[in-house]
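Peer 1: Before I ask anything, let me first share the structure, which is written out below as structure tokens.
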Amino acid sequence: MRDVGRLLLMRLGLGLLTLLVVSALIFGAVELLPGDIAQAVLGQGATEETLAELRTELGLDRTAIVRYVSWLSGALVGDFGVSLLNQQPVTDVIAVRFANTLFLATYAAVIAVPVAILLGITVALLRNSIFDRVANVLTLTSISSPEFFLGYILILYFSVHTGWFPSIATLSEDITFLELLERTFLPALTMVLVVVAHMMRMTRASIINLLASPYIEMARLKGAPGWKVITRHALPNAWAPIINVVALNLAYLITGVVLVEVVFVYPGIGQLLVDAVTKRDFPVVQACCLIFAATFILLNLAADVGAILTNPRLRHPK
Amino acid sequence: MNYFVIGYYALLIGSSCLAAHYRQREIFLLLFSLTLASFVMGIVGGEGALWAVTIAAGLLALAGGTAYSFREFLIIISGPLTARALRTAPLTAAFGMFVIFTYAVLGIFAPVIAPYGEAEVISQSFAPADQDMLLGADQLGRDMFSRLVYGARNTVGLALVATTIAFVIGALLGMIAAVKQGWFDQFMGRTIDVVMSIPSLIFALLLLSILGTNMIVLVVIIGVIYSPRVYRLTRAVAGNVVVMDYIEAAKLRGEGMWYLIRKEILPNSTAPLIAEFGLEFCFVFLLVAGLSFLGLGIQPPTADWGSMVRENATLISFGEITPLIPAAAIALLTVAVNMVVDWMLYRSSGLKE
């Protein structure tokens, strides 16, 4: 087990290093601005004095490296500076919205993961039958559709035609949990459709891969009944690829949320990021990007760790 | 009970019996489970649900027929070698090729096909469809149909250019890394790891907020963001080629790096690269559509499918489906390309389950 511990620590270190480089990239990208932030905020007509004043206010008179270190150490304790637009602390703006986004993503994941794994295994067992082919075309269509297409179709049928669910996800303080689930059902369903399709295809592929391995054939040849081959021989080995699939798709969920939030006017971090990009509010853009990138790296790391823990062969790299 | 419902079930049950009689197990299963599902749908959704099934089946049959004829047409007009390959193509791939062909015609001949210009205001905003305007007018009173046709040129064209940029950067660097190896290979590998650990939509948004949204910036940004995927594949494919004996022989002959890349590696890795081009195009196309939808991609008044959906989205709350047509156009092209790519991958790898 000591080997495993060391391998996990190495992975963790590598993840942190990647995050550090990514944060430098996100911070450094703003330095690419023609002129600097002060120029971008005030525009071409600004006088030298106002420019200089804003520069000292934003601390632009220090070198880039000093600013990066202070930004990063602020970010570590949850302080992302102040918004250029309304001088509010970025953290205050982001905290609530990030919680909303996490809620939406969790909601979608709770529905999507069991459904996708069950369907994926079923389709893998029925491979090459007509159901498999129909499922293949359906999932392909769902993957190929832009999120806003699925979202608006759902709005059209479940909101406009039947009136079952609201089309705009307005949140307020005084709604019950059930109401919350109802109001966010359509955005969650949109993400479920996309993620289930991805997960189903990946689960199907890994299970089929598994069923082709010699020990499954051996189990069949020695006369074990079909269900026993699946539960005793295939499933214990299938967990590794399935955990991997789930983690990778959750990472997808985190970024796919941007378009869905805009479609349903959901007050999440994706919508905030798009607004900030349009208004060129750089501190907010940087903070949102860092949070998204960190979540993405974390989930990919989880996929790696899951794979190492469930597959002993990966513990001994050649 | 009316004639439609009676005819519907009679047709379904009759054809299930025929399929069972001729031992077509798959078709029988499909038809009969459709019959059983129709009982439930008929009770829950009424006659409307049955009509929806009928229309869907009709559309499917139409698509199948088109795909079949298009494949036969291609087989007849192409040479013997291509014809043999085409004969093995499944109907889905043929359908994909037909869709791609149609989009290409629309894009290339857009000014001839579209009745009005893409930025031409011809009536009131959201005017309903009449014989002059097939799909009605958009939020500024421009002809939706014309904008849809021009969108084929703008959106698809932009995605194609961006994909080509991603491909040139990624494939070139990948092959150089495979030939040179050593520190360059290592350095590129680590850089690519970092770039790929940022979600592409987020990365694109970050760069767009800084560099502003004009067409050239957009194309270059998307090209750069998607090149790592191409790099990884090319590096892997080329890595398998450079260990071959003929590369060794060429090196001993004293050939330079460019010769190796052009004459030895590239011809031996085209099949997976072409398939990757298709896949990459789908990703880029969806990203372009997404960015335009967010108002950060192709800027007005240029017609573009993503922004058309956003601008006309208010119509959806009145139960209109016109804003969904550009979105459906995006989905259809992506599905079509995926279907063709699936077939090409199957052919090039000889993958069989």
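Note on naming: chains are A, B, ... as they come in the structure tokens, residues start from 1 per chain, ligands start from 1 in the order shown.
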Write out as a count of residues only every residue belonging to chain A that has an atom at most 8 Å from any atom of chain B, counting only C-alpha atoms.
Peer 2: 40
Peer 1: List the spatial neighbours of stretch 7-24 of chain B as a short mmCIF file (atom, residue, chain, number, x, y, z; two decimals) with N, CA, C and O atoms, in the first residue's frame - criterion: any atom at most 10 Å away, only C-alpha atoms, same-chain residues fewer than 6 positions off excluded.
Peer 2:
```cif
data_model
loop_
_atom_site.label_atom_id
_atom_site.label_comp_id
_atom_site.auth_asym_id
_atom_site.auth_seq_id
_atom_site.Cartn_x
_atom_site.Cartn_y
_atom_site.Cartn_z
N LEU B 30 -38.71 -4.75 -33.46
CA LEU B 30 -38.87 -3.29 -33.50
C LEU B 30 -40.33 -2.92 -33.72
O LEU B 30 -40.91 -2.11 -32.98
N LEU B 31 -40.96 -3.56 -34.73
CA LEU B 31 -42.34 -3.20 -35.07
C LEU B 31 -43.28 -3.52 -33.93
O LEU B 31 -44.15 -2.73 -33.56
N PHE B 32 -43.08 -4.70 -33.32
CA PHE B 32 -44.03 -5.10 -32.30
C PHE B 32 -43.86 -4.27 -31.03
O PHE B 32 -44.85 -3.91 -30.39
N SER B 33 -42.60 -3.94 -30.68
CA SER B 33 -42.45 -3.10 -29.49
C SER B 33 -43.01 -1.70 -29.76
O SER B 33 -43.52 -1.04 -28.86
N LEU B 34 -42.94 -1.27 -31.03
CA LEU B 34 -43.56 0.01 -31.38
C LEU B 34 -45.07 -0.07 -31.20
O LEU B 34 -45.71 0.87 -30.70
N THR B 35 -45.66 -1.22 -31.58
CA THR B 35 -47.11 -1.40 -31.40
C THR B 35 -47.48 -1.31 -29.93
O THR B 35 -48.41 -0.58 -29.55
N LEU B 36 -46.71 -2.02 -29.10
CA LEU B 36 -47.02 -2.01 -27.67
C LEU B 36 -46.85 -0.60 -27.10
O LEU B 36 -47.69 -0.13 -26.32
N SER B 38 -47.20 2.09 -28.68
CA SER B 38 -48.26 2.95 -29.20
C SER B 38 -49.52 2.85 -28.35
O SER B 38 -50.25 3.83 -28.21
N PHE B 39 -49.81 1.65 -27.80
CA PHE B 39 -50.97 1.52 -26.92
C PHE B 39 -50.87 2.54 -25.80
O PHE B 39 -51.80 3.31 -25.54
N LEU B 50 -49.94 9.49 -31.84
CA LEU B 50 -49.84 8.54 -32.95
C LEU B 50 -49.44 9.25 -34.24
O LEU B 50 -48.64 8.75 -35.02
N TRP B 51 -50.01 10.44 -34.45
CA TRP B 51 -49.60 11.23 -35.62
C TRP B 51 -48.11 11.52 -35.58
O TRP B 51 -47.42 11.43 -36.58
N VAL B 53 -45.76 9.78 -34.19
CA VAL B 53 -45.03 8.56 -34.55
C VAL B 53 -45.06 8.37 -36.06
O VAL B 53 -44.03 8.09 -36.71
N THR B 54 -46.25 8.55 -36.67
CA THR B 54 -46.38 8.37 -38.11
C THR B 54 -45.47 9.33 -38.86
O THR B 54 -44.76 8.94 -39.80
#
```
Peer 1: Give me every helix (DSSP H, G or I) residue in stretch 83-163 of chain B, going by DSSP on the backbone, as a VMD selection string.
Peer 2: chain B and resid 83 to 87 91 to 108 110 to 113 144 to 163
Peer 1: Any idea what's packed within 8 Å of A:Asp281, counting only C-alpha atoms, ignoring anything in its chain fewer than 5 positions away? Could you give it as a short mmCIF file (atom, residue, chain, number, x, y, z; two decimals) with all heavy atoms, in the first residue's frame?
Peer 2:
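Saved file selection_29.cif follows:
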```cif
data_model
loop_
_atom_site.label_atom_id
_atom_site.label_comp_id
_atom_site.auth_asym_id
_atom_site.auth_seq_id
_atom_site.Cartn_x
_atom_site.Cartn_y
_atom_site.Cartn_z
N SER A 83 -14.49 44.09 -8.34
CA SER A 83 -14.99 44.17 -9.71
C SER A 83 -14.73 45.56 -10.28
O SER A 83 -14.83 46.55 -9.57
CB SER A 83 -16.48 43.86 -9.71
OG SER A 83 -17.10 44.46 -10.80
N LEU A 84 -14.38 45.63 -11.55
CA LEU A 84 -14.11 46.94 -12.17
C LEU A 84 -15.39 47.73 -12.36
O LEU A 84 -15.38 48.94 -12.46
CB LEU A 84 -13.43 46.75 -13.52
CG LEU A 84 -12.01 46.22 -13.53
CD1 LEU A 84 -11.51 46.14 -14.94
CD2 LEU A 84 -11.11 47.10 -12.70
N LEU A 85 -16.52 47.02 -12.45
CA LEU A 85 -17.78 47.68 -12.79
C LEU A 85 -18.41 48.40 -11.61
O LEU A 85 -18.75 49.57 -11.68
CB LEU A 85 -18.78 46.65 -13.31
CG LEU A 85 -18.64 46.31 -14.78
CD1 LEU A 85 -19.67 45.27 -15.15
CD2 LEU A 85 -18.81 47.55 -15.62
N ALA A 276 -19.53 39.13 -17.59
CA ALA A 276 -18.25 39.79 -17.31
C ALA A 276 -17.42 39.90 -18.59
O ALA A 276 -16.74 40.90 -18.81
CB ALA A 276 -17.49 39.03 -16.24
#
```
Peer 1: Residues within 10 Å of A:Ala219, please, as number ranges by chain. Count only C-alpha atoms; anything in the same chain fewer than 5 positions from it doesn't count.
Peer 2: A: 214, 224-226, 228-230, 232-234
Peer 1: Can I get the selected residues back with N, CA and C atoms, as a short mmCIF file (atom, residue, chain, number, x, y, z; two decimals), in the first residue's frame?
Peer 2:
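The file below, part38.cif, is the result:
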```
data_model
loop_
_atom_site.label_atom_id
_atom_site.label_comp_id
_atom_site.auth_asym_id
_atom_site.auth_seq_id
_atom_site.Cartn_x
_atom_site.Cartn_y
_atom_site.Cartn_z
N PRO A 214 -10.48 -12.56 -22.39
CA PRO A 214 -10.46 -14.02 -22.32
C PRO A 214 -11.12 -14.61 -21.08
N ALA A 224 -20.91 -21.10 -16.61
CA ALA A 224 -21.57 -20.21 -15.66
C ALA A 224 -22.77 -19.55 -16.34
N PRO A 225 -23.90 -19.40 -15.61
CA PRO A 225 -25.07 -18.76 -16.21
C PRO A 225 -24.80 -17.30 -16.54
N GLY A 226 -25.53 -16.78 -17.52
CA GLY A 226 -25.29 -15.44 -18.05
C GLY A 226 -25.24 -14.36 -16.99
N LYS A 228 -24.61 -14.59 -13.89
CA LYS A 228 -23.49 -14.75 -12.98
C LYS A 228 -22.19 -14.25 -13.62
N VAL A 229 -22.08 -14.48 -14.94
CA VAL A 229 -20.91 -13.96 -15.65
C VAL A 229 -20.83 -12.45 -15.48
N ILE A 230 -22.01 -11.81 -15.60
CA ILE A 230 -22.05 -10.35 -15.48
C ILE A 230 -21.72 -9.91 -14.06
N ARG A 232 -20.54 -11.61 -11.27
CA ARG A 232 -19.35 -12.09 -10.57
C ARG A 232 -18.06 -11.78 -11.31
N HIS A 233 -18.12 -11.85 -12.65
CA HIS A 233 -16.86 -11.75 -13.39
C HIS A 233 -16.67 -10.38 -14.06
N ALA A 234 -17.73 -9.87 -14.68
CA ALA A 234 -17.56 -8.63 -15.44
C ALA A 234 -17.61 -7.39 -14.55
#
```
Peer 1: Write out as an MDAnalysis selection string each polymer residue whose atoms come within 12 Å of B:Ala238, counting only C-alpha atoms; drop sequence neighbours fewer than 3 positions from it.
Peer 2: chainID B and resid 171:181 230:235 241:244 247 260:262 264:270 272:273
Peer 1: Given the selection you just returned, output its residues as a file containing N, CA and C atoms, formatted as a tab-separated table (two decimals), in the first residue's frame.
Peer 2:
```tsv
chain	number	residue	atom	x	y	z
B	171	ALA	N	-0.97	19.27	-36.35
B	171	ALA	CA	-0.35	18.17	-37.10
B	171	ALA	C	1.12	18.45	-37.34
B	172	LEU	N	1.42	19.70	-37.69
B	172	LEU	CA	2.82	20.05	-37.98
B	172	LEU	C	3.69	19.85	-36.74
B	173	LEU	N	3.24	20.43	-35.61
B	173	LEU	CA	4.02	20.31	-34.38
B	173	LEU	C	4.13	18.85	-33.95
B	174	GLY	N	3.03	18.11	-34.11
B	174	GLY	CA	3.03	16.71	-33.72
B	174	GLY	C	4.05	15.91	-34.50
B	175	MET	N	4.12	16.15	-35.81
B	175	MET	CA	5.06	15.38	-36.62
B	175	MET	C	6.50	15.80	-36.34
B	176	ILE	N	6.70	17.12	-36.14
B	176	ILE	CA	8.06	17.57	-35.81
B	176	ILE	C	8.50	16.92	-34.50
B	177	ALA	N	7.58	16.91	-33.51
B	177	ALA	CA	7.93	16.32	-32.21
B	177	ALA	C	8.26	14.84	-32.37
B	178	ALA	N	7.51	14.14	-33.21
B	178	ALA	CA	7.75	12.71	-33.39
B	178	ALA	C	9.11	12.45	-34.03
B	179	VAL	N	9.50	13.34	-34.98
B	179	VAL	CA	10.79	13.13	-35.65
B	179	VAL	C	11.93	13.56	-34.76
B	180	LYS	N	11.79	14.75	-34.14
B	180	LYS	CA	12.92	15.30	-33.37
B	180	LYS	C	13.11	14.61	-32.03
B	181	GLN	N	11.97	14.32	-31.36
B	181	GLN	CA	11.99	13.76	-30.01
B	181	GLN	C	12.83	14.62	-29.07
B	230	VAL	N	-5.37	17.73	-31.82
B	230	VAL	CA	-4.78	17.23	-33.06
B	230	VAL	C	-3.33	16.83	-32.81
B	231	TYR	N	-2.63	17.66	-32.00
B	231	TYR	CA	-1.24	17.37	-31.70
B	231	TYR	C	-1.11	15.98	-31.08
B	232	ARG	N	-1.94	15.70	-30.07
B	232	ARG	CA	-1.85	14.41	-29.38
B	232	ARG	C	-2.02	13.26	-30.35
B	233	LEU	N	-3.05	13.34	-31.19
B	233	LEU	CA	-3.31	12.24	-32.11
B	233	LEU	C	-2.16	12.09	-33.10
B	234	THR	N	-1.73	13.23	-33.69
B	234	THR	CA	-0.66	13.16	-34.68
B	234	THR	C	0.61	12.59	-34.07
B	235	ARG	N	0.92	13.05	-32.85
B	235	ARG	CA	2.12	12.57	-32.17
B	235	ARG	C	2.05	11.06	-31.99
B	241	VAL	N	4.81	5.50	-36.68
B	241	VAL	CA	5.41	5.42	-38.01
B	241	VAL	C	6.94	5.57	-37.92
B	242	VAL	N	7.44	6.48	-37.06
B	242	VAL	CA	8.88	6.77	-37.08
B	242	VAL	C	9.74	5.59	-36.64
B	243	VAL	N	9.14	4.59	-35.99
B	243	VAL	CA	9.97	3.45	-35.58
B	243	VAL	C	10.09	2.40	-36.70
B	244	MET	N	9.43	2.67	-37.84
B	244	MET	CA	9.46	1.71	-38.95
B	244	MET	C	10.85	1.69	-39.61
B	247	ILE	N	11.70	4.39	-42.32
B	247	ILE	CA	12.12	5.71	-41.82
B	247	ILE	C	13.62	5.68	-41.50
B	260	LEU	N	11.17	13.70	-44.53
B	260	LEU	CA	10.56	12.63	-43.75
B	260	LEU	C	9.09	12.92	-43.49
B	261	ILE	N	8.80	14.18	-43.09
B	261	ILE	CA	7.42	14.52	-42.76
B	261	ILE	C	6.52	14.45	-43.99
B	262	ARG	N	7.01	15.04	-45.09
B	262	ARG	CA	6.17	15.14	-46.27
B	262	ARG	C	5.99	13.80	-46.99
B	264	GLU	N	7.20	10.54	-46.04
B	264	GLU	CA	7.10	9.25	-45.37
B	264	GLU	C	6.00	9.22	-44.31
B	265	ILE	N	5.98	10.22	-43.43
B	265	ILE	CA	5.04	10.15	-42.30
B	265	ILE	C	3.63	10.54	-42.72
B	266	LEU	N	3.52	11.67	-43.43
B	266	LEU	CA	2.18	12.16	-43.78
B	266	LEU	C	1.38	11.14	-44.59
B	267	PRO	N	1.95	10.55	-45.67
B	267	PRO	CA	1.14	9.59	-46.44
B	267	PRO	C	0.72	8.38	-45.62
B	268	ASN	N	1.50	8.05	-44.58
B	268	ASN	CA	1.18	6.86	-43.79
B	268	ASN	C	0.27	7.16	-42.61
B	269	SER	N	-0.11	8.42	-42.43
B	269	SER	CA	-1.03	8.68	-41.32
B	269	SER	C	-2.25	9.48	-41.77
B	270	THR	N	-2.56	9.47	-43.06
B	270	THR	CA	-3.69	10.27	-43.52
B	270	THR	C	-5.02	9.76	-43.00
B	272	PRO	N	-6.28	8.13	-40.21
B	272	PRO	CA	-6.76	8.62	-38.92
B	272	PRO	C	-6.84	10.15	-38.87
B	273	LEU	N	-5.97	10.83	-39.58
B	273	LEU	CA	-6.00	12.31	-39.54
B	273	LEU	C	-7.26	12.85	-40.19
```
Peer 1: Got a sec: who's within 8 Å of stretch 188-197 of chain A, counting only C-alpha atoms, leaving out chain neighbours fewer than 6 positions off, as a list in words?
Peer 2: Leu104, Ala105, Tyr107, Ala108, Ala109, Ile111, Ala112, Val113, Val115, Ala116, Thr139, Leu140, Ser142, Ile143, Glu147, Leu150, Gly151, Leu154, Asn249, Tyr252, Leu253, Gly256, Val257 and Val260 of chain A
Peer 1: Give me, please, the distance in Å between atom CA of A:Asn244 and atom CA of A:Gly306, quoted to one decimal.
Peer 2: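 According to the coordinates, atom CA of A:Asn244 and atom CA of A:Gly306 are separated by 6.7 Å.
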Peer 1: Which is closest to A:Val69 among A:Leu14, A:Ser23, A:Trp239, A:Thr91, if we use only C-alpha atoms?
Peer 2: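 Distance minimum relative to A:Val69 lands on A:Ser23.
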Peer 1: Find the residue from B:Thr314, B:Arg347, B:Ile55, B:Leu62 that sits nearest to B:Phe126; use only C-alpha atoms when measuring.
Peer 2: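 Nearest candidate to B:Phe126 out of B:Thr314, B:Arg347, B:Ile55, B:Leu62: B:Thr314.
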